[in-house]
file model13.cif (mmCIF, C-alpha atoms and all ligand atoms)
data_final
loop_
_atom_site.label_atom_id
_atom_site.label_comp_id
_atom_site.auth_asym_id
_atom_site.auth_seq_id
_atom_site.Cartn_x
_atom_site.Cartn_y
_atom_site.Cartn_z
CA MET T 735 342.56 101.16 -59.92
CA GLU T 736 342.46 97.40 -59.36
CA ALA T 737 341.43 96.35 -55.84
CA ILE T 738 344.13 94.58 -53.87
CA ALA T 739 342.98 91.34 -52.20
CA LEU T 740 344.19 91.53 -48.61
CA GLN T 741 345.23 88.35 -46.83
CA PRO T 742 343.60 87.75 -43.43
CA LEU T 743 345.85 88.93 -40.61
CA ARG T 744 346.61 86.38 -37.88
CA ALA T 745 347.41 87.87 -34.50
CA GLY T 746 348.78 86.64 -31.19
CA VAL T 747 348.43 88.50 -27.88
CA VAL T 748 350.88 88.09 -24.99
CA GLY T 749 349.75 89.35 -21.57
CA LEU T 750 346.04 89.30 -20.86
CA GLY T 751 345.40 92.06 -18.35
CA TRP T 752 343.23 95.03 -19.32
CA PRO T 753 345.72 96.23 -21.98
CA GLY T 754 346.04 92.81 -23.65
CA GLU T 755 342.30 92.20 -23.59
CA THR T 756 341.85 95.59 -25.26
CA HIS T 757 344.23 94.61 -28.07
CA LEU T 758 342.30 91.37 -28.49
CA LYS T 759 338.93 93.11 -28.65
CA HIS T 760 340.14 95.59 -31.23
CA TYR T 761 341.75 92.92 -33.42
CA ASN T 762 338.44 91.06 -33.36
CA ALA T 763 336.58 94.23 -34.35
CA GLN T 764 338.60 94.53 -37.57
CA PRO T 765 337.36 92.67 -40.64
CA GLY T 766 339.92 90.15 -41.86
CA VAL T 767 341.80 89.94 -38.55
CA SER T 768 341.67 86.96 -36.24
CA VAL T 769 343.36 86.31 -32.92
CA VAL T 770 344.80 82.83 -33.27
CA ALA T 771 346.79 82.53 -30.03
CA ILE T 772 347.13 84.05 -26.58
CA ALA T 773 349.69 83.65 -23.78
CA ASP T 774 349.72 84.41 -20.06
CA PRO T 775 351.11 82.46 -17.07
CA ASN T 776 347.93 83.19 -15.12
CA ALA T 777 346.06 79.97 -15.96
CA GLU T 778 342.72 81.22 -14.71
CA ARG T 779 342.91 84.41 -16.73
CA LEU T 780 344.14 82.49 -19.78
CA ALA T 781 341.22 80.05 -19.69
CA LYS T 782 338.70 82.83 -19.10
CA ILE T 783 339.92 84.93 -22.04
CA GLN T 784 340.22 81.91 -24.33
CA ALA T 785 336.63 80.95 -23.63
CA ALA T 786 335.26 84.50 -23.80
CA TYR T 787 336.82 85.26 -27.21
CA ASP T 788 336.93 81.74 -28.64
CA VAL T 789 340.70 81.83 -29.24
CA PRO T 790 342.00 78.57 -30.77
CA TYR T 791 345.37 78.31 -28.96
CA ALA T 792 346.36 79.35 -25.43
CA TYR T 793 349.81 79.09 -23.83
CA GLY T 794 351.21 79.59 -20.34
CA ASP T 795 354.62 80.32 -21.88
CA TRP T 796 354.92 83.17 -24.40
CA GLN T 797 357.80 81.40 -26.14
CA GLU T 798 355.39 78.78 -27.42
CA LEU T 799 353.18 81.45 -28.94
CA VAL T 800 356.14 83.21 -30.56
CA ALA T 801 357.40 79.88 -31.94
CA ARG T 802 354.25 79.48 -34.06
CA ASP T 803 354.94 80.00 -37.73
CA ASP T 804 351.42 81.11 -38.69
CA LEU T 805 351.20 84.50 -36.96
CA ASP T 806 351.60 87.83 -38.75
CA ILE T 807 351.63 90.08 -35.70
CA VAL T 808 352.19 89.75 -31.96
CA SER T 809 350.86 92.21 -29.40
CA VAL T 810 352.99 92.57 -26.28
CA ALA T 811 350.93 93.70 -23.28
CA THR T 812 353.00 92.31 -20.43
CA PRO T 813 354.79 94.19 -17.64
CA ASN T 814 357.41 96.51 -19.14
CA TYR T 815 360.53 94.46 -18.38
CA LEU T 816 359.21 91.69 -20.66
CA HIS T 817 358.58 93.87 -23.72
CA MET T 818 362.13 93.51 -25.06
CA PRO T 819 362.62 89.72 -24.92
CA ILE T 820 359.16 89.00 -26.30
CA ALA T 821 359.29 91.64 -29.01
CA VAL T 822 362.80 90.72 -30.15
CA ALA T 823 361.93 87.02 -30.34
CA ALA T 824 358.76 87.80 -32.29
CA LEU T 825 360.54 90.16 -34.71
CA GLN T 826 363.37 87.68 -35.24
CA SER T 827 360.85 84.99 -36.13
CA GLY T 828 359.23 87.22 -38.74
CA LYS T 829 356.26 88.72 -36.93
CA HIS T 830 355.31 92.37 -36.77
CA VAL T 831 354.99 93.67 -33.20
CA LEU T 832 352.59 96.06 -31.48
CA THR T 833 353.88 96.66 -27.97
CA GLU T 834 352.32 98.47 -25.08
CA LYS T 835 353.78 101.68 -23.74
CA PRO T 836 356.41 102.45 -22.66
CA ILE T 837 358.39 100.71 -25.39
CA ALA T 838 360.70 99.05 -22.84
CA ALA T 839 362.13 99.19 -19.35
CA ASN T 840 365.25 101.11 -20.46
CA ALA T 841 366.90 102.66 -23.52
CA ALA T 842 369.16 99.68 -24.24
CA ASP T 843 366.17 97.34 -24.43
CA ALA T 844 364.31 99.81 -26.64
CA LEU T 845 367.27 100.03 -29.00
CA ALA T 846 367.48 96.23 -29.21
CA MET T 847 363.82 96.16 -30.25
CA VAL T 848 364.26 98.82 -32.93
CA GLU T 849 367.35 97.06 -34.27
CA ALA T 850 365.51 93.72 -34.40
CA ALA T 851 362.67 95.35 -36.36
CA GLU T 852 365.09 96.93 -38.84
CA ALA T 853 367.20 93.80 -39.24
CA ASN T 854 364.13 91.68 -39.96
CA ASN T 855 362.24 94.29 -41.99
CA ARG T 856 359.22 94.10 -39.69
CA VAL T 857 357.00 96.83 -38.24
CA LEU T 858 357.46 97.65 -34.56
CA GLU T 859 354.75 99.94 -33.24
CA VAL T 860 354.25 101.24 -29.71
CA ALA T 861 350.73 101.94 -28.44
CA PHE T 862 351.84 105.42 -27.41
CA ASN T 863 350.27 107.89 -29.76
CA HIS T 864 346.90 109.11 -30.93
CA ARG T 865 347.54 109.18 -34.67
CA HIS T 866 345.21 106.26 -35.41
CA ARG T 867 342.24 107.78 -33.58
CA GLY T 868 339.29 108.61 -35.79
CA ASP T 869 339.08 112.22 -34.59
CA VAL T 870 342.81 112.80 -35.13
CA GLN T 871 342.66 111.25 -38.62
CA THR T 872 339.72 113.51 -39.50
CA LEU T 873 341.55 116.62 -38.29
CA LYS T 874 344.58 115.61 -40.32
CA ARG T 875 342.49 115.27 -43.48
CA ILE T 876 340.96 118.73 -42.93
CA ASN T 877 344.36 120.24 -42.33
N1 LIG M 1 347.84 101.88 -23.36
C1 LIG M 1 347.41 102.14 -22.11
O1 LIG M 1 346.56 103.01 -21.89
C2 LIG M 1 347.96 101.34 -20.97
C3 LIG M 1 347.31 101.36 -19.74
C4 LIG M 1 347.82 100.58 -18.72
C5 LIG M 1 348.97 99.82 -18.94
N2 LIG M 1 349.59 99.86 -20.13
C6 LIG M 1 350.79 99.05 -20.38
O2 LIG M 1 350.35 97.72 -20.63
C7 LIG M 1 351.34 96.80 -20.13
C8 LIG M 1 350.69 95.87 -19.12
O3 LIG M 1 350.28 96.64 -18.02
P1 LIG M 1 350.09 95.97 -16.61
O4 LIG M 1 351.26 95.02 -16.34
O5 LIG M 1 349.75 97.03 -15.66
O6 LIG M 1 348.79 95.11 -16.93
P2 LIG M 1 348.14 93.90 -16.16
O7 LIG M 1 348.88 93.64 -14.85
O8 LIG M 1 346.68 94.14 -16.14
O9 LIG M 1 348.42 92.71 -17.19
C9 LIG M 1 349.67 92.16 -17.40
C10 LIG M 1 349.45 90.71 -17.79
O10 LIG M 1 350.71 90.18 -18.19
C11 LIG M 1 350.77 88.87 -17.69
N3 LIG M 1 352.13 88.40 -17.64
C12 LIG M 1 353.04 88.52 -16.62
N4 LIG M 1 354.17 87.85 -16.92
C13 LIG M 1 353.96 87.30 -18.16
C14 LIG M 1 354.74 86.47 -19.01
N5 LIG M 1 355.97 86.04 -18.65
N6 LIG M 1 354.23 86.07 -20.20
C15 LIG M 1 352.98 86.46 -20.58
N7 LIG M 1 352.18 87.23 -19.80
C16 LIG M 1 352.68 87.65 -18.61
C17 LIG M 1 350.10 88.93 -16.32
O11 LIG M 1 349.71 87.64 -15.87
C18 LIG M 1 348.93 89.85 -16.64
O12 LIG M 1 347.79 89.12 -17.04
C19 LIG M 1 352.45 97.66 -19.52
O13 LIG M 1 353.45 97.84 -20.49
C20 LIG M 1 351.75 98.98 -19.22
O14 LIG M 1 352.64 100.08 -19.21
C21 LIG M 1 349.09 100.59 -21.14
#

call {"tool": "encode", "arguments": {"input": "model13.cif", "output": "structure tokens"}}
result
Amino acid sequence: MEAIALQPLRAGVVGLGWPGETHLKHYNAQPGVSVVAIADPNAERLAKIQAAYDVPYAYGDWQELVARDDLDIVSVATPNYLHMPIAVAALQSGKHVLTEKPIAANAADALAMVEAAEANNRVLEVAFNHRHRGDVQTLKRIN
């Protein structure tokens, strides 16, 4: 079978506490993935993470990150009440979204996110399962 040439994946990460930094680290650990932009209103944290991971663009306002037209995926690792507005804006502007758990602060917000993903034919994933873990994948193959 002919090998498929994969395009590099360009990621943005919103919210730079422990969860967001973990997303960033794991994007960086994947070949062909680069974190292009980060956002957090905590200026000190933003500058520290930008320097530590050599991220090209850093924003205090997540809307500026989402407005970029060169991102494939946006990670949302903010407090829960912000998952919906950030995810919906990212999905509506053509990005895939990986959001932290829980998906949202309430069911209505969660539904708005799912509908935005479906309407824009983008992937919305919640970091709330173990199916991508190496041990789980191995067990699945054996089964
Ligand atoms: N997967 C896991 O194991 C795990 C563990 C802990 C938390 N979480 C989830 O991760 C998310 C973040 O958790 P937390 O809030 O406790 O982490 P946190 O407090 O460590 O980080 C949140 C970050 O979001 C930033 N932030 C706040 N408002 C923002 C805005 N308007 N725009 C951009 N960034 C903003 C804060 O400055 C902070 O740096 C939550 O959804 C939480 O449920 C997941």

call {"tool": "residues_near_ligand", "arguments": {"input": "model13.cif", "ligand": "ligand LIG 1 (chain M)", "cutoff": "10 Å", "atoms": "all atoms listed in the file", "output": "number ranges by chain"}}
result
T: 747-757, 772-780, 793-797, 799, 810-817, 819-820, 833-839, 860-863

call {"tool": "closest_residue", "arguments": {"input": "model13.cif", "among": "T:Thr872, T:Ala824, T:Pro742, T:Val789", "to": "Lys759 of chain T", "atoms": "all atoms listed in the file"}}
result
T:Val789

call {"tool": "closest_residue", "arguments": {"input": "model13.cif", "among": "T:Val808, T:Leu758, T:Val831, T:Gly766", "to": "Ile783 of chain T", "atoms": "only C-alpha atoms"}}
result
T:Leu758

call {"tool": "closest_residue", "arguments": {"input": "model13.cif", "among": "T:Asn840, T:Asn854, T:Asn877, T:Gln871", "to": "Ala823 of chain T", "atoms": "all atoms listed in the file"}}
result
T:Asn854

call {"tool": "closest_residue", "arguments": {"input": "model13.cif", "among": "T:Arg856, T:Arg802, T:Ala850, T:Ala786", "to": "Lys829 of chain T", "atoms": "all atoms listed in the file"}}
result
T:Arg856

call {"tool": "residues_around", "arguments": {"input": "model13.cif", "residues": "Ala771 of chain T", "least_positions_apart": "5", "cutoff": "6 Å", "atoms": "only C-alpha atoms", "output": "VMD selection string"}}
result
chain T and resid 746 791 to 792

call {"tool": "atom_distance", "arguments": {"input": "model13.cif", "atom1": "atom CA of Gln764 of chain T", "atom2": "atom CA of Val848 of chain T"}}
result
26.4 Å

call {"tool": "atom_distance", "arguments": {"input": "model13.cif", "atom1": "atom CA of Ala851 of chain T", "atom2": "atom CA of Val800 of chain T"}}
result
15.0 Å

call {"tool": "atom_distance", "arguments": {"input": "model13.cif", "atom1": "atom CA of Gln826 of chain T", "atom2": "atom CA of Asn762 of chain T"}}
result
25.2 Å

call {"tool": "residues_around", "arguments": {"input": "model13.cif", "residues": "Asp803 of chain T", "least_positions_apart": "2", "cutoff": "9 Å", "atoms": "all atoms listed in the file", "output": "count of residues only"}}
result
7
